[in-house]
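Listing of final-v9.txt; format and content: compact mmCIF, C-alpha atoms.
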# COMPACT_ATOMS: atom_id res chain seq x y z
CA MET A 1 92.47 91.62 106.03
CA SER A 2 96.10 90.54 105.85
CA PHE A 3 98.43 90.35 108.84
CA GLU A 4 100.84 92.62 106.94
CA THR A 5 98.22 95.36 106.56
CA ILE A 6 97.15 95.18 110.21
CA ASP A 7 100.80 95.24 111.28
CA TYR A 8 101.39 98.35 109.13
CA TYR A 9 98.62 100.24 110.93
CA ASN A 10 99.76 99.03 114.34
CA ARG A 11 103.25 100.38 113.61
CA HIS A 12 102.13 103.64 111.97
CA ALA A 13 98.93 104.40 113.90
CA ALA A 14 99.92 107.79 115.35
CA GLU A 15 101.42 108.96 112.06
CA TYR A 16 98.39 107.82 110.03
CA ALA A 17 95.96 109.43 112.47
CA GLU A 18 97.86 112.72 112.25
CA GLU A 19 97.89 112.59 108.44
CA THR A 20 94.15 111.98 108.10
CA VAL A 21 92.52 113.72 111.08
CA ASN A 22 91.99 117.07 109.36
CA VAL A 23 91.07 115.84 105.87
CA ASP A 24 87.86 117.62 104.82
CA ILE A 25 85.30 115.05 103.72
CA ALA A 26 82.19 117.11 104.43
CA ALA A 27 80.92 116.37 100.91
CA LEU A 28 80.89 112.64 101.72
CA TYR A 29 79.04 113.19 104.99
CA ALA A 30 76.48 115.23 103.01
CA GLU A 31 75.76 112.21 100.78
CA PHE A 32 75.50 109.67 103.61
CA LEU A 33 73.95 111.32 106.66
CA PRO A 34 70.65 112.48 105.07
CA MET A 35 69.95 108.78 104.37
CA VAL A 36 70.37 107.83 108.05
CA LYS A 37 67.39 108.43 110.33
CA PRO A 38 67.95 111.31 112.80
CA GLY A 39 69.64 110.06 115.94
CA GLY A 40 70.09 106.63 114.35
CA HIS A 41 72.80 104.08 115.09
CA ILE A 42 75.85 104.28 112.80
CA LEU A 43 78.66 101.72 112.64
CA ASP A 44 82.03 103.19 111.63
CA ALA A 45 83.55 100.01 110.20
CA GLY A 46 87.32 100.16 109.99
CA CYS A 47 87.21 103.47 111.83
CA GLY A 48 90.91 104.34 111.85
CA SER A 49 91.52 107.33 114.11
CA GLY A 50 87.80 107.75 114.85
CA ARG A 51 87.60 111.05 112.96
CA ASP A 52 84.31 110.23 111.24
CA ALA A 53 82.71 108.47 114.21
CA GLY A 54 83.51 111.57 116.28
CA TYR A 55 81.75 113.78 113.75
CA PHE A 56 78.70 111.51 113.71
CA LYS A 57 78.50 111.68 117.52
CA GLN A 58 78.64 115.48 117.35
CA GLN A 59 75.65 115.38 114.98
CA GLY A 60 73.60 113.45 117.53
CA PHE A 61 73.92 109.93 116.17
CA THR A 62 74.59 106.83 118.27
CA VAL A 63 77.93 105.42 117.16
CA SER A 64 79.65 102.05 117.31
CA ALA A 65 83.10 101.51 115.81
CA PHE A 66 85.68 98.83 115.17
CA ASP A 67 89.11 98.55 113.59
CA ALA A 68 91.34 95.57 112.88
CA SER A 69 94.37 97.44 114.25
CA ALA A 70 94.54 97.49 118.05
CA ALA A 71 96.71 100.62 117.95
CA MET A 72 94.21 102.49 115.75
CA ALA A 73 91.31 101.31 117.93
CA LYS A 74 93.08 102.69 121.01
CA ILE A 75 93.44 106.13 119.38
CA ALA A 76 89.79 106.05 118.27
CA SER A 77 88.64 104.96 121.76
CA GLU A 78 90.39 107.97 123.28
CA ARG A 79 88.87 110.34 120.72
CA LEU A 80 85.35 108.95 121.14
CA HIS A 81 85.45 108.36 124.91
CA GLN A 82 84.00 104.91 124.30
CA THR A 83 85.27 101.41 123.60
CA VAL A 84 86.22 100.70 120.00
CA ALA A 85 86.19 96.98 119.23
CA VAL A 86 89.21 95.27 117.69
CA HIS A 87 88.18 92.90 114.92
CA SER A 88 88.09 92.57 111.14
CA PHE A 89 85.26 92.84 108.62
CA GLU A 90 85.39 89.07 108.31
CA GLN A 91 84.47 88.82 112.02
CA LEU A 92 81.48 91.20 111.87
CA ASP A 93 78.49 89.26 113.21
CA LYS A 94 75.48 91.53 113.81
CA LYS A 95 71.89 91.28 112.62
CA GLU A 96 69.68 94.28 111.76
CA THR A 97 71.50 96.52 114.25
CA PHE A 98 72.50 99.66 112.35
CA ASP A 99 70.68 102.50 110.57
CA GLY A 100 73.86 103.23 108.64
CA ILE A 101 77.28 101.65 108.12
CA TRP A 102 80.24 103.84 107.14
CA CYS A 103 83.19 102.11 105.43
CA CYS A 104 85.44 105.02 104.47
CA ALA A 105 88.78 103.83 103.04
CA SER A 106 88.51 100.58 104.97
CA LEU A 107 86.95 97.88 102.78
CA LEU A 108 89.78 98.51 100.31
CA HIS A 109 92.00 96.34 102.54
CA VAL A 110 89.68 93.31 102.29
CA ALA A 111 90.90 90.68 99.82
CA ASP A 112 88.88 90.43 96.60
CA LYS A 113 87.86 86.84 97.30
CA ALA A 114 86.56 87.80 100.78
CA LEU A 115 84.38 90.72 99.60
CA PRO A 116 81.21 88.70 98.82
CA ASP A 117 81.13 87.31 102.37
CA VAL A 118 81.96 90.71 103.88
CA PHE A 119 79.22 92.48 101.92
CA SER A 120 76.77 89.78 103.05
CA ARG A 121 77.82 90.42 106.67
CA LEU A 122 77.33 94.18 106.19
CA GLN A 123 73.91 93.58 104.65
CA ARG A 124 72.86 91.41 107.62
CA ALA A 125 74.05 94.05 110.09
CA LEU A 126 71.88 96.76 108.52
CA LYS A 127 68.28 97.36 109.50
CA PRO A 128 65.76 97.30 106.61
CA ASN A 129 65.98 100.49 104.52
CA ALA A 130 69.34 101.37 106.10
CA VAL A 131 72.31 102.71 104.13
CA LEU A 132 75.90 101.58 103.54
CA TYR A 133 78.67 103.91 102.36
CA ALA A 134 81.92 102.47 101.00
CA SER A 135 84.99 103.94 99.33
CA PHE A 136 87.86 102.30 97.46
CA LYS A 137 90.75 103.46 95.33
CA TYR A 138 89.54 103.52 91.73
CA GLY A 139 90.58 100.52 89.64
CA ASP A 140 89.88 96.81 89.33
CA GLY A 141 92.86 94.86 90.62
CA GLU A 142 94.61 93.83 93.81
CA ARG A 143 97.99 95.25 94.76
CA SER A 144 100.44 95.76 97.60
CA LYS A 145 102.00 99.11 98.46
CA ASP A 146 104.20 100.12 101.41
CA GLY A 147 103.36 96.92 103.26
CA ARG A 148 99.59 97.21 102.81
CA ASN A 149 97.30 95.15 100.56
CA PHE A 150 94.65 96.96 98.50
CA THR A 151 91.61 95.83 96.53
CA ASP A 152 90.58 98.49 94.01
CA MET A 153 87.01 98.94 92.77
CA ASN A 154 85.10 100.39 89.82
CA GLU A 155 81.50 100.52 88.59
CA PRO A 156 81.20 97.16 86.78
CA LYS A 157 83.11 95.28 89.47
CA LEU A 158 80.89 96.60 92.27
CA ALA A 159 77.69 96.08 90.28
CA LYS A 160 78.64 92.44 89.69
CA LEU A 161 79.50 91.95 93.37
CA VAL A 162 76.28 93.52 94.68
CA ALA A 163 74.11 91.62 92.18
CA ASP A 164 74.95 88.45 94.10
CA ILE A 165 74.11 89.90 97.56
CA ALA A 166 70.43 89.34 98.29
CA GLY A 167 68.69 92.31 99.87
CA LEU A 168 71.30 94.92 98.97
CA THR A 169 70.81 97.49 96.19
CA LEU A 170 73.37 99.86 94.71
CA SER A 171 71.96 103.42 94.89
CA LYS A 172 74.76 105.64 93.64
CA THR A 173 78.45 105.70 92.69
CA TRP A 174 80.73 108.66 92.10
CA LEU A 175 84.42 109.59 91.90
CA THR A 176 86.31 112.04 94.09
CA GLN A 177 89.87 113.31 94.16
CA ASP A 178 92.01 112.56 97.21
CA LYS A 179 91.88 115.59 99.53
CA ARG A 180 95.46 115.20 100.79
CA PRO A 181 97.78 117.55 98.85
CA GLN A 182 100.45 114.89 98.31
CA ARG A 183 97.80 112.46 96.97
CA SER A 184 95.82 114.80 94.70
CA ASP A 185 96.47 112.57 91.66
CA GLU A 186 94.65 109.62 93.29
CA MET A 187 90.96 108.97 92.61
CA TRP A 188 88.46 107.45 95.03
CA PHE A 189 85.45 105.38 94.03
CA ASN A 190 82.48 106.05 96.34
CA ALA A 191 79.26 104.06 96.65
CA LEU A 192 75.98 104.23 98.52
CA LEU A 193 73.99 101.03 98.91
CA LYS A 194 70.62 100.42 100.57
CA LYS A 195 69.26 97.39 102.33
CA ASP A 196 65.88 96.46 100.94
CA ALA A 197 62.75 97.01 103.01
CA VAL A 198 61.22 93.95 104.62

Starting from the file, give its structure as structure tokens.
Amino acid sequence: MSFETIDYYNRHAAEYAEETVNVDIAALYAEFLPMVKPGGHILDAGCGSGRDAGYFKQQGFTVSAFDASAAMAKIASERLHQTVAVHSFEQLDKKETFDGIWCCASLLHVADKALPDVFSRLQRALKPNAVLYASFKYGDGERSKDGRNFTDMNEPKLAKLVADIAGLTLSKTWLTQDKRPQRSDEMWFNALLKKDAV
């Protein structure tokens, strides 16, 4: 994740949290949570304001969270009443720890060339049979906008990426419209992936 992107979120943390805290993504939770064992351990990776991690806690799951922005992690820590780690996807170093990993609008800031390593790290961090959710803006290139770097994703690009990650299988992909009124013309690419059984 680029310094420029992290700096953007450090400078705009309160504003971003306010803009996203009430976005209704119940339909995404409904795809992901049934695949996580009841009371299981979920990692909210790139957790932003902690909105989703807070919901998972309310549903009885054990939650860990991290964000690359110290300012966002502070907001999330206060929301969750627990420590939110400050590090990037590239620094994730866990083995078979989580029953589910939630990457909502976060992996899209990882550079294209870093994604194979990051997906391998996510795969290692999952327990066997565990699930990974990821969302990206729909497309196939890299771009910068408002001081943030984005990597877009589509079906063939993700299929090619996952094919090279041993032990990770693509279960489902689907498109959704951005729920924020001012962004209703933007499309999101969603994916569920499963770690293979032992």

* Nearest to A:Leu122 by atom-to-atom distance, counting only C-alpha atoms, from A:Asp164, A:Glu186, A:Asp146, A:Glu96 ->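 Closest candidate: A:Glu96.
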
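Of the residues under consideration (A:Val84, A:Leu175, A:Val198, A:Val118), A:Val84 shows the shortest atom-to-atom contact distance to A:Ala68 when counting all atoms listed in the file.
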
*asked:* For a cutoff of 10 Å around the file-coordinate point (81.6, 91.3, 112.0), which residues qualify once you count all atoms listed in the file? I'd like the result as a list in words.
replied: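 I get Ala45, Phe66, His87, Ser88, Phe89, Glu90, Gln91, Leu92, Asp93, Lys94, Lys95, Val118, Arg121, Leu122, Arg124 and Ala125 of chain A for the residues within 10 Å of that point.
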
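Between atom CA of A:Leu168 and atom CA of A:Ala73 there is a distance of 28.3 Å.
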
Shortest contact to A:His81, candidates A:Gly60, A:Pro156, A:Gly50, A:Gly147, atoms counted only C-alpha atoms, goes to A:Gly50

Open item on the list: Please report the interatomic distance between atom CA of A:His109 and atom CA of A:Thr151 in Å with one decimal.
Closed with: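 Separation of atom CA of A:His109 and atom CA of A:Thr151: 6.0 Å.
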
message: Ranking A:Val36, A:Ile6, A:Ala191, A:Val131 by minimum distance to A:Ala70 and counting all atoms listed in the file, which one comes first?
response: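 With all atoms listed in the file as the atom set, the closest residue is A:Ile6.
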
Requested in this report: Dig up all the protein and nucleic acid residues within 9 Å of (89.0, 107.8, 92.9) in the file frame, using only C-alpha atoms, and format them as an MDAnalysis selection string.
Outcome: chainID A and resid 135:139 154 174:178 185:190

### Message
List the spatial neighbours of A:Lys127 as a list in words - criterion: any atom at most 9 Å away, only C-alpha atoms, same-chain residues fewer than 6 positions off excluded.
### Response
Lys95, Glu96, Thr97, Phe98, Asp99, Gly100, Lys195, Asp196 and Ala197 of chain A

Check: What is the atom CA of A:Phe61-atom CA of A:Pro128 distance in Å, reported with one decimal?
Finding: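 These atoms are spaced 17.8 Å apart.
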